[in-house]
Structure formats: C-alpha cells, structure tokens
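Data from input_29.txt: compact mmCIF, C-alpha atoms
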```txt
# COMPACT_ATOMS: atom_id res chain seq x y z
CA MET A 1 12.51 4.49 10.88
CA ILE A 2 12.62 6.88 13.84
CA ASP A 3 8.86 7.25 13.52
CA LEU A 4 8.43 3.51 13.67
CA ILE A 5 10.60 3.23 16.77
CA ILE A 6 8.63 5.98 18.49
CA PHE A 7 5.39 4.33 17.47
CA LEU A 8 6.43 0.91 18.73
CA SER A 9 7.76 2.24 22.02
CA LEU A 10 4.52 4.16 22.55
CA ILE A 11 2.58 0.95 22.02
CA ALA A 12 4.85 -0.93 24.40
CA LEU A 13 4.61 1.85 26.96
CA GLY A 14 0.85 2.03 26.56
CA TYR A 15 0.49 -1.69 26.97
CA GLY A 16 2.88 -1.99 29.93
CA ALA A 17 1.76 1.05 31.86
CA GLY A 18 -1.90 0.62 30.95
CA THR A 19 -2.03 -3.01 32.05
CA TRP A 20 -0.20 -2.25 35.28
CA ALA A 21 -2.47 0.67 36.14
CA GLU A 22 -5.58 -1.30 35.29
CA LYS A 23 -4.61 -4.31 37.43
CA ARG A 24 -3.77 -2.05 40.34
CA HIS A 25 -7.02 -0.16 39.97
CA TYR A 26 -9.10 -3.35 39.88
CA ARG A 27 -7.37 -4.66 43.01
CA SER A 28 -8.19 -1.42 44.78
CA ILE A 29 -11.79 -1.43 43.49
CA LEU A 30 -12.42 -4.98 44.69
CA LYS A 31 -10.94 -4.25 48.10
CA ARG A 32 -13.02 -1.12 48.64
CA GLU A 33 -16.18 -2.72 47.27
CA GLN A 34 -15.76 -5.45 49.84
CA ALA A 35 -15.21 -2.87 52.58
CA MET A 36 -18.33 -0.88 51.66
CA LEU A 37 -20.54 -3.88 51.10
CA ASN A 38 -22.77 -2.94 54.03
CA LEU A 39 -23.80 0.38 52.47
CA PRO A 40 -26.27 -0.61 49.75
CA ALA A 41 -26.67 1.71 46.78
CA VAL A 42 -29.96 0.98 45.02
CA SER A 43 -31.86 2.47 42.15
CA LEU A 44 -35.20 2.34 43.99
CA LYS A 45 -36.76 5.78 44.43
CA SER A 46 -37.70 5.11 48.02
CA VAL A 47 -37.34 2.47 50.66
CA ASP A 48 -39.92 1.22 53.07
CA ILE A 49 -38.80 3.20 56.11
CA PRO A 50 -41.19 5.40 58.09
CA ASP A 51 -40.36 9.12 57.65
CA HIS A 52 -39.84 9.84 61.34
CA LYS A 53 -37.09 7.21 61.49
CA ILE A 54 -34.97 8.94 58.83
CA ARG A 55 -32.48 11.15 60.58
CA SER A 56 -31.01 12.72 57.45
CA ALA A 57 -31.33 12.62 53.69
CA GLN A 58 -28.51 14.06 51.66
CA MET A 59 -27.42 14.11 48.07
CA VAL A 60 -24.17 12.25 47.48
CA TYR A 61 -22.16 11.90 44.32
CA GLY A 62 -18.86 10.63 43.09
CA SER A 63 -17.13 10.93 39.78
CA ALA A 64 -14.06 9.44 38.20
CA VAL A 65 -12.15 10.26 35.03
CA ILE A 66 -10.24 7.44 33.36
CA SER A 67 -7.93 7.95 30.38
CA VAL A 68 -7.28 5.58 27.53
CA ASP A 69 -3.71 4.41 26.91
CA TYR A 70 -1.96 4.33 23.55
CA PHE A 71 -2.32 0.58 23.13
CA LYS A 72 -6.05 0.56 23.88
CA ARG A 73 -6.57 3.44 21.48
CA LEU A 74 -4.73 1.52 18.75
CA LEU A 75 -6.93 -1.51 19.39
CA ALA A 76 -10.03 0.66 19.20
CA GLY A 77 -8.74 2.24 15.99
CA LEU A 78 -8.30 -1.21 14.45
CA ARG A 79 -11.80 -2.07 15.64
CA ASN A 80 -13.02 0.96 13.70
CA VAL A 81 -11.93 -0.82 10.53
CA PHE A 82 -13.69 -4.11 11.11
CA GLY A 83 -16.51 -3.19 13.47
CA GLY A 84 -17.61 -5.21 16.48
CA ARG A 85 -17.30 -4.77 20.22
CA VAL A 86 -14.59 -2.35 21.28
CA LYS A 87 -13.34 -4.70 23.96
CA SER A 88 -10.38 -2.56 24.89
CA TYR A 89 -12.65 0.30 26.03
CA GLU A 90 -15.02 -1.89 28.04
CA SER A 91 -12.72 -2.08 31.04
CA LEU A 92 -12.30 1.71 31.02
CA VAL A 93 -16.03 2.30 31.26
CA ASP A 94 -16.35 -0.42 33.87
CA ARG A 95 -13.59 1.04 36.03
CA ALA A 96 -14.96 4.56 35.74
CA ARG A 97 -18.46 3.52 36.79
CA ARG A 98 -17.32 1.41 39.73
CA GLU A 99 -14.86 4.05 40.92
CA ALA A 100 -17.62 6.68 40.75
CA LEU A 101 -19.94 4.48 42.80
CA LEU A 102 -17.21 3.90 45.38
CA ARG A 103 -16.52 7.61 45.70
CA MET A 104 -20.23 8.27 46.07
CA LYS A 105 -20.33 5.72 48.87
CA ALA A 106 -17.30 7.29 50.47
CA MET A 107 -19.09 10.65 50.42
CA ALA A 108 -22.12 9.09 52.07
CA GLY A 109 -19.99 8.20 55.09
CA ASP A 110 -22.00 6.31 57.71
CA ALA A 111 -25.37 6.52 55.93
CA THR A 112 -27.62 3.44 56.00
CA VAL A 113 -28.60 3.27 52.36
CA ILE A 114 -28.26 5.30 49.15
CA VAL A 115 -31.47 5.38 47.13
CA ASN A 116 -32.31 6.61 43.65
CA VAL A 117 -28.79 5.99 42.39
CA ARG A 118 -28.08 7.06 38.79
CA ILE A 119 -24.90 6.78 36.74
CA GLU A 120 -24.01 9.19 33.96
CA THR A 121 -21.07 9.03 31.60
CA ALA A 122 -19.44 11.74 29.55
CA THR A 123 -16.37 12.03 27.36
CA ILE A 124 -13.89 14.73 28.18
CA GLY A 125 -11.53 16.60 25.88
CA ARG A 126 -12.73 14.66 22.89
CA GLN A 127 -11.51 17.07 20.26
CA SER A 128 -9.68 19.60 22.38
CA ALA A 129 -7.18 21.46 20.21
CA ARG A 130 -7.36 18.60 17.71
CA LYS A 131 -5.23 16.51 20.03
CA ASN A 132 -8.01 14.05 20.62
CA ILE A 133 -7.26 13.32 24.26
CA ALA A 134 -9.76 10.57 24.85
CA CYS A 135 -10.87 10.11 28.42
CA LEU A 136 -14.10 9.24 30.03
CA GLU A 137 -15.95 10.50 33.07
CA ALA A 138 -18.49 8.47 34.99
CA MET A 139 -20.60 10.16 37.63
CA ALA A 140 -22.79 8.40 40.15
CA TYR A 141 -25.28 10.25 42.33
CA GLY A 142 -28.07 9.37 44.69
CA THR A 143 -29.73 10.20 48.00
CA ALA A 144 -28.05 8.93 51.11
CA LEU A 145 -30.45 8.12 53.94
CA THR A 146 -29.34 7.76 57.53
CA VAL A 147 -31.84 5.79 59.60
CA GLU A 148 -32.12 5.92 63.36
CA GLU A 149 -31.26 2.71 65.14
CA MET B 1 -37.52 -9.08 50.96
CA LYS B 2 -34.29 -9.45 52.81
CA PHE B 3 -31.29 -7.58 51.46
CA THR B 4 -28.12 -9.60 51.53
CA PRO B 5 -25.01 -7.63 50.63
CA ARG B 6 -22.59 -9.62 48.48
CA GLN B 7 -20.09 -9.08 45.71
CA THR B 8 -20.72 -10.63 42.32
CA GLY B 9 -17.88 -12.96 41.48
CA ILE B 10 -17.81 -12.23 37.78
CA ASN B 11 -17.60 -9.04 35.75
CA VAL B 12 -20.11 -9.23 32.93
CA ASN B 13 -19.23 -5.81 31.56
CA VAL B 14 -15.70 -6.59 30.46
CA THR B 15 -14.97 -9.20 27.81
CA PRO B 16 -12.24 -11.45 29.16
CA THR B 17 -10.28 -11.50 25.88
CA HIS B 18 -6.57 -10.88 26.31
CA PRO B 19 -5.73 -7.53 24.69
CA LEU B 20 -2.66 -8.97 22.95
CA LYS B 21 -4.82 -11.67 21.36
CA GLU B 22 -7.24 -9.02 20.18
CA PHE B 23 -4.32 -7.01 18.80
CA ALA B 24 -2.92 -10.05 16.98
CA ILE B 25 -6.29 -10.87 15.41
CA LEU B 26 -6.95 -7.30 14.27
CA THR B 27 -3.50 -6.57 12.83
CA GLY B 28 -3.43 -10.05 11.31
CA SER B 29 -6.69 -9.43 9.48
CA LEU B 30 -5.49 -6.03 8.31
CA ILE B 31 -2.27 -7.48 6.92
CA ALA B 32 -4.22 -10.32 5.31
CA LEU B 33 -6.48 -7.75 3.63
CA ALA B 34 -3.47 -5.86 2.29
CA VAL B 35 -1.90 -9.05 0.96
CA VAL B 36 -5.13 -10.09 -0.73
CA GLY B 37 -5.42 -6.65 -2.32
CA TYR B 38 -1.84 -6.80 -3.58
CA LEU B 39 -2.33 -10.28 -5.06
CA ALA B 40 -5.64 -9.25 -6.60
CA LEU B 41 -3.95 -6.29 -8.31
CA GLY B 42 -1.28 -8.63 -9.65
CA LEU B 43 -3.93 -10.95 -11.07
CA ALA B 44 -5.90 -7.99 -12.38
CA VAL B 45 -2.92 -7.00 -14.55
CA ASP B 46 -3.05 -10.27 -16.48
CA ILE B 47 -6.81 -10.01 -16.81
CA ILE B 48 -7.05 -6.41 -17.98
CA VAL B 49 -4.00 -6.19 -20.27
CA PRO B 50 -5.59 -8.10 -23.16
CA ARG B 51 -8.79 -6.06 -22.68
CA ILE B 52 -7.26 -2.58 -22.84
CA SER B 53 -8.32 -1.05 -26.15
CA ILE B 54 -5.94 1.00 -28.25
CA ASP B 55 -8.04 4.05 -27.39
CA LEU B 56 -7.74 3.49 -23.64
CA GLU B 57 -4.05 2.77 -24.01
CA LYS B 58 -3.58 6.16 -25.67
CA LYS B 59 -5.37 7.84 -22.77
CA LEU B 60 -3.16 6.05 -20.26
CA ALA B 61 -0.13 6.92 -22.35
CA GLY B 62 -1.05 10.59 -22.20
CA ILE B 63 -0.81 10.46 -18.42
CA ILE B 64 2.53 8.70 -18.37
CA MET B 65 4.12 10.52 -21.29
CA GLN B 66 3.67 14.02 -19.84
CA ARG B 67 7.37 14.07 -19.06
CA PHE B 68 8.58 13.21 -22.55
CA LYS B 69 8.23 16.18 -24.86
CA THR B 70 8.09 15.39 -28.54
CA ASP B 71 11.06 16.76 -30.41
CA GLU B 72 10.06 19.64 -32.66
CA THR B 73 12.72 18.79 -35.21
CA PRO B 74 13.87 15.21 -35.02
CA SER B 75 17.59 14.67 -35.34
CA PRO B 76 18.93 12.72 -38.35
CA ALA B 77 19.46 9.71 -36.07
CA ASN B 78 15.87 9.97 -34.90
CA ARG B 79 14.61 10.19 -38.51
CA TYR B 80 16.76 7.22 -39.43
CA LEU B 81 15.43 5.15 -36.53
CA GLN B 82 11.87 6.12 -37.37
CA ALA B 83 12.35 5.09 -40.99
CA LEU B 84 13.86 1.77 -39.93
CA VAL B 85 11.00 1.06 -37.53
CA ASP B 86 8.46 2.02 -40.20
CA ARG B 87 10.04 -0.38 -42.68
CA LEU B 88 10.15 -3.21 -40.15
CA GLN B 89 6.56 -2.56 -39.16
CA GLN B 90 5.28 -2.29 -42.70
CA ASN B 91 6.67 -5.52 -44.04
CA CYS B 92 7.27 -7.85 -41.17
CA ALA B 93 5.81 -6.69 -37.86
CA PRO B 94 2.24 -5.44 -38.24
CA LEU B 95 1.07 -3.64 -35.07
CA PRO B 96 -2.32 -2.02 -34.45
CA TYR B 97 -0.82 1.47 -34.15
CA PRO B 98 2.12 3.42 -35.56
CA ILE B 99 5.24 3.45 -33.42
CA ILE B 100 6.84 6.83 -32.76
CA VAL B 101 10.54 6.73 -31.92
CA HIS B 102 12.08 9.24 -29.54
CA VAL B 103 15.78 9.59 -28.90
CA GLU B 104 16.48 10.53 -25.30
CA PRO B 105 19.92 11.89 -24.44
CA SER B 106 21.08 9.54 -21.71
CA GLU B 107 24.07 7.37 -20.93
CA ALA B 108 21.78 4.39 -20.42
CA VAL B 109 22.36 1.57 -22.89
CA ASN B 110 18.70 0.83 -23.17
CA ALA B 111 15.47 1.24 -25.07
CA ALA B 112 11.95 1.21 -23.72
CA ALA B 113 8.52 0.41 -25.12
CA LEU B 114 6.15 2.89 -23.55
CA PRO B 115 2.37 2.84 -23.75
CA GLY B 116 0.68 4.38 -26.77
CA GLY B 117 3.36 3.29 -29.25
CA GLN B 118 5.99 5.68 -27.92
CA MET B 119 9.35 3.98 -28.19
CA VAL B 120 12.21 5.66 -26.38
CA VAL B 121 15.76 4.85 -27.43
CA PHE B 122 18.47 6.18 -25.16
CA SER B 123 21.42 7.68 -26.96
CA GLY B 124 23.80 5.52 -24.94
CA LEU B 125 22.45 2.55 -26.85
CA LEU B 126 22.94 4.23 -30.24
CA ALA B 127 26.58 4.87 -29.41
CA GLU B 128 27.12 1.11 -29.04
CA MET B 129 25.54 0.12 -32.35
CA ARG B 130 27.87 -1.18 -35.05
CA SER B 131 25.53 -2.19 -37.86
CA GLU B 132 22.03 -1.60 -39.17
CA ASN B 133 21.13 -5.25 -38.52
CA GLU B 134 22.12 -4.94 -34.92
CA LEU B 135 20.01 -1.81 -34.51
CA ALA B 136 17.10 -3.44 -36.34
CA PHE B 137 17.23 -6.33 -33.92
CA VAL B 138 17.01 -4.02 -30.91
CA LEU B 139 14.10 -2.10 -32.45
CA ALA B 140 12.37 -5.35 -33.43
CA HIS B 141 12.84 -6.60 -29.88
CA GLU B 142 10.95 -3.57 -28.61
CA LEU B 143 8.33 -4.08 -31.33
CA GLY B 144 8.00 -7.60 -29.94
CA HIS B 145 7.15 -6.14 -26.54
CA TYR B 146 4.41 -4.11 -28.24
CA ALA B 147 3.13 -7.14 -30.14
CA HIS B 148 2.84 -9.11 -26.89
CA ARG B 149 1.60 -6.04 -24.97
CA ASP B 150 4.45 -6.51 -22.48
CA HIS B 151 4.82 -2.74 -22.31
CA LEU B 152 1.51 -2.64 -20.44
CA ARG B 153 2.31 -5.63 -18.25
CA GLY B 154 5.64 -4.07 -17.39
CA LEU B 155 3.87 -1.22 -15.64
CA GLY B 156 2.55 -3.87 -13.29
CA ARG B 157 0.18 -3.04 -10.50
CA ALA B 158 0.33 0.66 -11.28
CA LEU B 159 -1.41 -0.14 -14.57
CA ALA B 160 -4.28 -1.89 -12.79
CA LEU B 161 -4.78 1.08 -10.48
CA MET B 162 -4.48 3.59 -13.31
CA THR B 163 -6.87 1.76 -15.60
CA ALA B 164 -9.42 1.56 -12.82
CA SER B 165 -9.17 5.25 -12.00
CA THR B 166 -9.17 6.29 -15.67
CA VAL B 167 -12.20 4.17 -16.53
CA LEU B 168 -14.11 5.33 -13.44
CA MET B 169 -13.13 9.01 -13.33
CA GLY B 170 -11.94 9.90 -16.82
CA ALA B 171 -8.44 10.42 -18.16
CA ASP B 172 -7.76 13.66 -16.34
CA ASN B 173 -8.06 12.72 -12.69
CA SER B 174 -5.56 13.36 -9.96
CA ILE B 175 -5.17 9.74 -8.90
CA SER B 176 -4.07 8.63 -12.36
CA LYS B 177 -1.69 11.56 -12.56
CA MET B 178 -0.17 10.73 -9.21
CA ILE B 179 0.39 7.11 -10.19
CA GLY B 180 1.67 8.17 -13.62
CA GLN B 181 4.25 10.43 -12.02
CA GLY B 182 5.36 7.65 -9.72
CA ILE B 183 6.25 5.22 -12.49
CA THR B 184 9.92 5.08 -13.31
CA LEU B 185 9.95 4.47 -17.03
CA THR B 186 13.53 3.33 -17.34
CA GLU B 187 12.85 0.61 -14.81
CA LEU B 188 10.12 -1.26 -16.60
CA ARG B 189 10.63 -4.84 -15.69
CA PHE B 190 9.96 -7.72 -17.97
CA SER B 191 9.95 -11.33 -17.02
CA ARG B 192 12.46 -13.78 -18.46
CA ASP B 193 9.62 -15.27 -20.50
CA GLN B 194 8.60 -11.94 -21.99
CA GLU B 195 12.21 -11.17 -22.98
CA THR B 196 12.58 -14.56 -24.63
CA ARG B 197 9.38 -14.12 -26.61
CA ALA B 198 10.41 -10.61 -27.67
CA ASP B 199 13.78 -12.03 -28.78
CA GLU B 200 12.04 -14.68 -30.87
CA PHE B 201 9.78 -12.03 -32.38
CA ALA B 202 12.81 -9.89 -33.19
CA LEU B 203 14.67 -12.79 -34.77
CA GLU B 204 11.71 -13.59 -37.02
CA THR B 205 11.23 -9.94 -37.93
CA VAL B 206 14.88 -9.40 -38.77
CA PHE B 207 14.99 -12.59 -40.83
CA CYS B 208 11.80 -11.56 -42.65
CA HIS B 209 13.23 -8.12 -43.40
CA TYR B 210 16.82 -8.96 -44.34
CA GLY B 211 16.51 -12.60 -45.34
CA ASN B 212 19.29 -13.46 -42.89
CA ALA B 213 19.98 -13.40 -39.17
CA ALA B 214 23.17 -11.35 -39.26
CA GLY B 215 23.80 -9.21 -36.22
CA ALA B 216 21.09 -10.92 -34.20
CA THR B 217 23.28 -11.64 -31.21
CA ASP B 218 25.61 -8.67 -31.65
CA PHE B 219 23.22 -6.32 -29.94
CA PHE B 220 24.22 -7.46 -26.50
CA SER B 221 26.95 -4.92 -26.30
CA GLU B 222 30.22 -6.12 -24.88
CA ILE B 223 30.39 -3.63 -22.11
CA PRO B 224 32.45 -4.33 -19.00
CA LYS B 225 30.51 -5.50 -15.97
CA SER B 226 31.04 -2.19 -14.21
CA GLY B 227 28.60 -0.52 -16.61
CA ASP B 228 25.89 -3.08 -16.01
CA PRO B 229 22.99 -1.38 -14.25
CA GLY B 230 21.86 -4.65 -12.66
CA ARG B 231 18.62 -6.39 -13.36
CA PHE B 232 17.46 -3.61 -15.67
CA GLY B 233 20.38 -4.27 -18.01
CA HIS B 234 18.36 -5.13 -21.05
CA TYR B 235 21.26 -5.40 -23.45
CA PHE B 236 24.34 -6.39 -21.50
CA ALA B 237 26.19 -9.49 -22.57
CA SER B 238 27.94 -9.73 -19.22
CA HIS B 239 24.61 -10.22 -17.50
CA PRO B 240 24.10 -13.95 -16.79
CA GLU B 241 20.48 -13.72 -17.87
CA ASN B 242 21.53 -12.31 -21.23
CA ARG B 243 24.04 -15.14 -21.80
CA ARG B 244 21.02 -17.43 -21.65
CA ARG B 245 19.20 -15.25 -24.19
CA ILE B 246 22.16 -15.27 -26.57
CA ASP B 247 22.43 -19.06 -26.32
CA HIS B 248 18.72 -19.37 -26.99
CA LEU B 249 18.99 -17.18 -30.12
CA VAL B 250 22.01 -19.10 -31.42
CA THR B 251 20.12 -22.36 -30.95
CA LEU B 252 17.06 -20.98 -32.76
CA ILE B 253 19.14 -19.72 -35.69
CA ARG B 254 20.75 -23.14 -36.02
CA GLN B 255 17.45 -25.03 -35.68
CA ARG B 256 15.60 -22.94 -38.25
CA GLY B 257 18.61 -22.79 -40.56
CA TYR B 258 18.64 -19.01 -40.88
CA PRO B 259 21.66 -17.90 -42.94
CA LEU B 260 23.93 -15.42 -41.19
CA GLY B 261 25.01 -13.28 -44.16
CA ALA B 262 26.72 -9.90 -44.06
CA THR B 263 25.66 -6.94 -41.94
CA ARG B 264 24.70 -3.61 -43.43
CA PRO B 265 26.64 -0.59 -42.25
CA LEU B 266 25.02 2.34 -40.49
CA PRO B 267 24.69 5.56 -42.51
CA ALA B 268 27.65 7.91 -42.26
CA ASP B 269 25.79 10.76 -40.58
CA PHE B 270 24.46 8.46 -37.85
CA ARG B 271 27.62 8.85 -35.80
CA LYS B 272 27.91 12.59 -36.18
CA ILE B 273 25.06 13.52 -33.85
CA PRO B 274 26.08 14.60 -30.41
CA ASN B 275 24.00 11.98 -28.72
CA THR B 276 25.04 12.02 -25.15
CA LYS B 277 24.43 14.97 -22.90
CA GLY B 278 27.50 14.35 -20.79
CA SER B 279 30.10 13.88 -23.53
```
Please re-express this file's structure in structure tokens.
Amino acid sequence: MIDLIIFLSLIALGYGAGTWAEKRHYRSILKREQAMLNLPAVSLKSVDIPDHKIRSAQMVYGSAVISVDYFKRLLAGLRNVFGGRVKSYESLVDRARREALLRMKAMAGDATVIVNVRIETATIGRQSARKNIACLEAMAYGTALTVEE
Amino acid sequence: MKFTPRQTGINVNVTPTHPLKEFAILTGSLIALAVVGYLALGLAVDIIVPRISIDLEKKLAGIIMQRFKTDETPSPANRYLQALVDRLQQNCAPLPYPIIVHVEPSEAVNAAALPGGQMVVFSGLLAEMRSENELAFVLAHELGHYAHRDHLRGLGRALALMTASTVLMGADNSISKMIGQGITLTELRFSRDQETRADEFALETVFCHYGNAAGATDFFSEIPKSGDPGRFGHYFASHPENRRRIDHLVTLIRQRGYPLGATRPLPADFRKIPNTKGS
C-alpha cells in the first residue's frame, strides 16, 4: 500500500513538475530563438563571402543536458511493451537540440553567420550504478564567421 | 538566394498528443490484455479438464501432494474409511482409478477430493459422524466430485497454468512447483451446480449400496453458526446454501420413492482414535 502511494505520488510529481518545466523551457526557447533570428546557423560548409572580408572564424559550440521525469519514463516503459513512437521522449530530444543551438549562438556573440553546424546527441548516466538515471545531452557545434561591414 | 530569417510556426519533431491521453491508452491496453488473459485462463479450465488424462492427472497430483505424506501405518479409522470407499467404488461408483483415503488431523469439518484420487478426510468431520450411512454419503459426495472431475475444476486457473507448464516443460519444473505450493487445498471451491450434482451422485450411490436413503441428509452436521468457516463450509447445515442442498435431496428422495430405512452404526473402535490434534 505504502509502495503504491509512493509510486502514485512520484507519477503525479513527475507529471506536474515535468509539464511545468517543459512549458517554461519552451517559452524561453521560443523567446530566445526570436531574439537570435538574425544570426543564421546553417549546415553549409562555406558561404559565398570573399576571404579578405572575413574578419574572424571561430569554433563555437553549445550543449544542453535534459533529464527525463518519472511520468515520461513510465510512458516510455509502457511503450516498450507495445512498441511504436516514444512520444514522451520526443520533446526531450527536441528541447535538448534547440537549447544546444541557442547556447552555440550565444557563444558566437556578434558573429554574422555560423556555418558547418552539426548536432550530436548522447545519453548520460545510462546505467550508472544500476540506477538508470536517464538523461540526454545534445551538442551543437559549428564555425562562426564575422564579416566586415 | 536571399536568406530570410524566420521562425517556423510548427514543431514537426514533437507529436502533439497529450501525455495523459497517451498514458490512458497505454495503461488501458495493458489492463485489457490482463483481463483477456484472465478470462482465457478461465475458459481454458473448462476446455482442458475433460482432456486431462489419468496419467497427466497423476503427474499434476505429484506436484500438489508433496505436502501430504502418506501414513506408514494407517489408523483403524483410516482403514475403515478406505474399506468403505472401496466397497462403494466397487459396486456402485466405478471410477477410472483407485481412491486412496487419508485422514488428516484437523479441526476442519470437511473432506477434499484432491487430484490423483487422493481423498483427504479431516478428523473434525469424523468426530461429527453418527452412522455409517452418513459417512458413506459424505464419501460418495467426494466420489461424485471425482466422477465429474470437479476436483480438477476446483483448482481453477492454477490448473490451466500448471497443465501448460507440465506439458511444455515436464512434471518437475519450477513453475509448476511454485503454483502447486500456492494452492490452498482446503479452500477448493466448487460451484453450486457442482455441489448439487455431487449430492445427486452420492444419493444414487448410497441408495445403490444400501438399498435405502437413510442418513442422506444427516451429514450436514448441526453445528452452531459460529463454527461455520464461511463459503468453504461444505457440510454445515446452518449455511443457507446447504439448506438449499438439503431441500433438494429431500425432494429427490420423495420423487424417486427411495425408502429411508434404518441407519447402520459405526464400528466400536471408530471413536477410540485420537483424531484431533488439539483435543
């Protein structure tokens, strides 16, 4: 009985806190994406700018680690039974990637463009001490070019 | 190509399903699966019971009967019961295997038909018996359960699981043992229908053996309600369900015109055995 109560309150906590954190994070992401709209990050290897016009070229990167909450993990566990898209983890990956891109842009400062952008993902602490702390890291990196006016 | 910075309005990477809806669907399907499995096991019992061979039944019995050790030297009461069952079986109640009677020291006023022809009579029941006819009726009632294979149905879903594991993995596998240990043998449940049919079988057997129906309704011992162990009270007159059974027997006796006749006494040494552990 006690176990059940603990289990249910963990689910409720996971759902409540997880939803709140996710909504807040998305609001912040959208706001910052809007603010940094004028710094394009592209996957092209080069842009058509003459070399002498480029004042600096610098590697920039940003990474973000997002953890799963108890409710999302339960949903994913249930998904393991039936198969199909693990919808509850999709928003985690999405948030991690966009946060990483935003941090990369923040590192680029007043650069004109970031070229050759790549995104990597990795899981962290997957089986650490058998506790199975599931969280995900996304890392974005590229070359920030500052062009003379 | 002109670069126009803009934000995409939609997020294609996240499915817009509400997580609670997803949760409801997934847990709902899981519960539905469990319910289907439970119902399927229940149906499987009715399907497999008539198909279990005597050989397989003995194997299953071996798993369940581990706890009941056979008495090295049967007590006089045990020998008497065995002889009575043998006589009933020989003349009036042919069964595909010999029934072995065990007397278990217990206060329970009950008897149980266990798989493999092992009949357990609790000494509490013997203490209540007043005549041979009465005892014969109780034994014939249990024989009726064997004749209708209720003793296998009574194990319920555990039987379906155990048969499956025994057939697939042999008699000596851990799953069967685990299920066998979990079965509470004194709590075998029979449906109202099964009890009625066993009663009818017993009535016919007793009439065939004695030529009368004396003692047929005596076996519901007149024990005060406080001693009634609830729905497992097989032989309690105070139980409302058993009132119905008594009425049914009385009606049958009248309809078929069975004479009542005199009861035969129990042998003198029957009472002398210290039956009950506690007393």
Two-atom distance - atom CA of B:Arg79, atom CA of B:Pro267 (Å):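 Taking atom CA of B:Arg79 and atom CA of B:Pro267, their separation equals 11.8 Å.
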Chain B contacts to chain A at 10 Å (all atoms listed in the file) as JSON, numbers by chain: {"B": [3, 4, 5, 6, 7, 11, 12, 13, 14, 15, 16, 17, 18, 19, 20, 22, 23, 24, 25, 26, 27, 29, 30]}
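The two atoms in question, atom CA of B:Val138 and atom CA of B:Met162, are spaced 28.8 Å apart.
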Show me the residues close to (9.5, -7.4, -34.5) - anything with an atom within 10 Å, counting all atoms listed in the file - and format the list as a tab-separated table (two decimals) with C-alpha atoms, keeping the file's coordinate frame.
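And here is the file that came out, part38.tsv:
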```tsv
chain	number	residue	atom	x	y	z
B	85	VAL	CA	11.00	1.06	-37.53
B	88	LEU	CA	10.15	-3.21	-40.15
B	89	GLN	CA	6.56	-2.56	-39.16
B	92	CYS	CA	7.27	-7.85	-41.17
B	93	ALA	CA	5.81	-6.69	-37.86
B	94	PRO	CA	2.24	-5.44	-38.24
B	95	LEU	CA	1.07	-3.64	-35.07
B	136	ALA	CA	17.10	-3.44	-36.34
B	137	PHE	CA	17.23	-6.33	-33.92
B	138	VAL	CA	17.01	-4.02	-30.91
B	139	LEU	CA	14.10	-2.10	-32.45
B	140	ALA	CA	12.37	-5.35	-33.43
B	141	HIS	CA	12.84	-6.60	-29.88
B	142	GLU	CA	10.95	-3.57	-28.61
B	143	LEU	CA	8.33	-4.08	-31.33
B	144	GLY	CA	8.00	-7.60	-29.94
B	145	HIS	CA	7.15	-6.14	-26.54
B	146	TYR	CA	4.41	-4.11	-28.24
B	147	ALA	CA	3.13	-7.14	-30.14
B	198	ALA	CA	10.41	-10.61	-27.67
B	199	ASP	CA	13.78	-12.03	-28.78
B	200	GLU	CA	12.04	-14.68	-30.87
B	201	PHE	CA	9.78	-12.03	-32.38
B	202	ALA	CA	12.81	-9.89	-33.19
B	203	LEU	CA	14.67	-12.79	-34.77
B	204	GLU	CA	11.71	-13.59	-37.02
B	205	THR	CA	11.23	-9.94	-37.93
B	206	VAL	CA	14.88	-9.40	-38.77
B	207	PHE	CA	14.99	-12.59	-40.83
B	208	CYS	CA	11.80	-11.56	-42.65
B	209	HIS	CA	13.23	-8.12	-43.40
```
Selection as a PyMOL selection string: residues within 6 Å of (-30.7, 10.5, 54.1), counting only C-alpha atoms: chain A and resi 56-58+144-146
Since we have the selection now, will you write its residues out, keeping C-alpha atoms, as a PDB file, in the coordinates of the input?
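Output file selection-v2.pdb is given in full below:
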```pdb
ATOM      1  CA  SER A  56     -31.010  12.720  57.450  1.00  0.00           C
ATOM      2  CA  ALA A  57     -31.330  12.620  53.690  1.00  0.00           C
ATOM      3  CA  GLN A  58     -28.510  14.060  51.660  1.00  0.00           C
ATOM      4  CA  ALA A 144     -28.050   8.930  51.110  1.00  0.00           C
ATOM      5  CA  LEU A 145     -30.450   8.120  53.940  1.00  0.00           C
ATOM      6  CA  THR A 146     -29.340   7.760  57.530  1.00  0.00           C
TER       7      THR A 146
END
```
Separation of atom CA of B:Pro98 from atom CA of B:Tyr258, in Å and rounded to one decimal: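 Between atom CA of B:Pro98 and atom CA of B:Tyr258 the gap is 28.4 Å.
For the choices A:Arg55, A:Gly109, A:Arg98, A:Ala134, the atom-to-atom distance to A:Arg73 is smallest for A:Ala134 when using all atoms listed in the file.
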